[in-house]
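Working notes for the structure below.
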Amino acid sequence: MRRDMDLVRRILQAVESSDGDPREYVELDFVDEYPKNSVSYHVELLADAGLIKAQNLMSFGEDGYSWMPKRLTSAGHDFLDAARDEENWNEAKRLLKRAGVAGLTLLKDQLIHLAKQQLGLPG
């Protein structure tokens, strides 16, 4: 399965905007727009990358979503802050696609670089 960076961003935004208890699971209101296994896979990827805290609920039933997000980590907040600007988001994805790479770390680095350019900062 390929990573969908727009789904990654959407999951992070949903977790950030959740008003619930950070010990509870975040319900993703857009899940019907994607295959169930894709959403679960991307939640697991975000947990692997250290951007969110999540739990595998496979043993609690088979509703199609085995991985559920709980909260953003500090690194997740940093990534989402860098990804907030729509123009920078699209430009970073375009540059990485042209280079033939799609890693979360490279995407974050490119987003930070674009933000620094907007602010007139070096780097």
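Chain labels follow the order of the structure tokens: the first chain is A, the next B, and so on; residue numbering restarts at 1 in every chain, and ligands are counted from 1 in their shown order.
By only C-alpha atoms, and with residues fewer than 3 positions from Leu106 in chain A along its chain excluded, the set lying at most 12 Å from it is A:Met5, A:Phe79, A:Ala92, A:Lys93, A:Leu95, A:Leu96, A:Lys97, A:Ala99, A:Gly100, A:Val101, A:Ala102, A:Gly103, A:Asp109, A:Gln110, A:Leu111, A:Ile112, A:His113.
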remark   = Min atom-atom distance to His77 in chain A from the set A:Leu51, A:Leu114, A:Leu119, A:Val31, counting only C-alpha atoms, belongs to A:Leu51
task = Give me every strand (DSSP E or B) residue in chain A, going by DSSP on the backbone, as a PyMOL selection string.
result = chain A and resi 52-56+67-72
key: Nearest to Gly50 in chain A, chosen from A:Asp85, A:Asp78, A:Asp32, A:Glu24, with only C-alpha atoms counted in the distances   =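 Among the listed residues, A:Asp78 lies closest to Gly50 in chain A.
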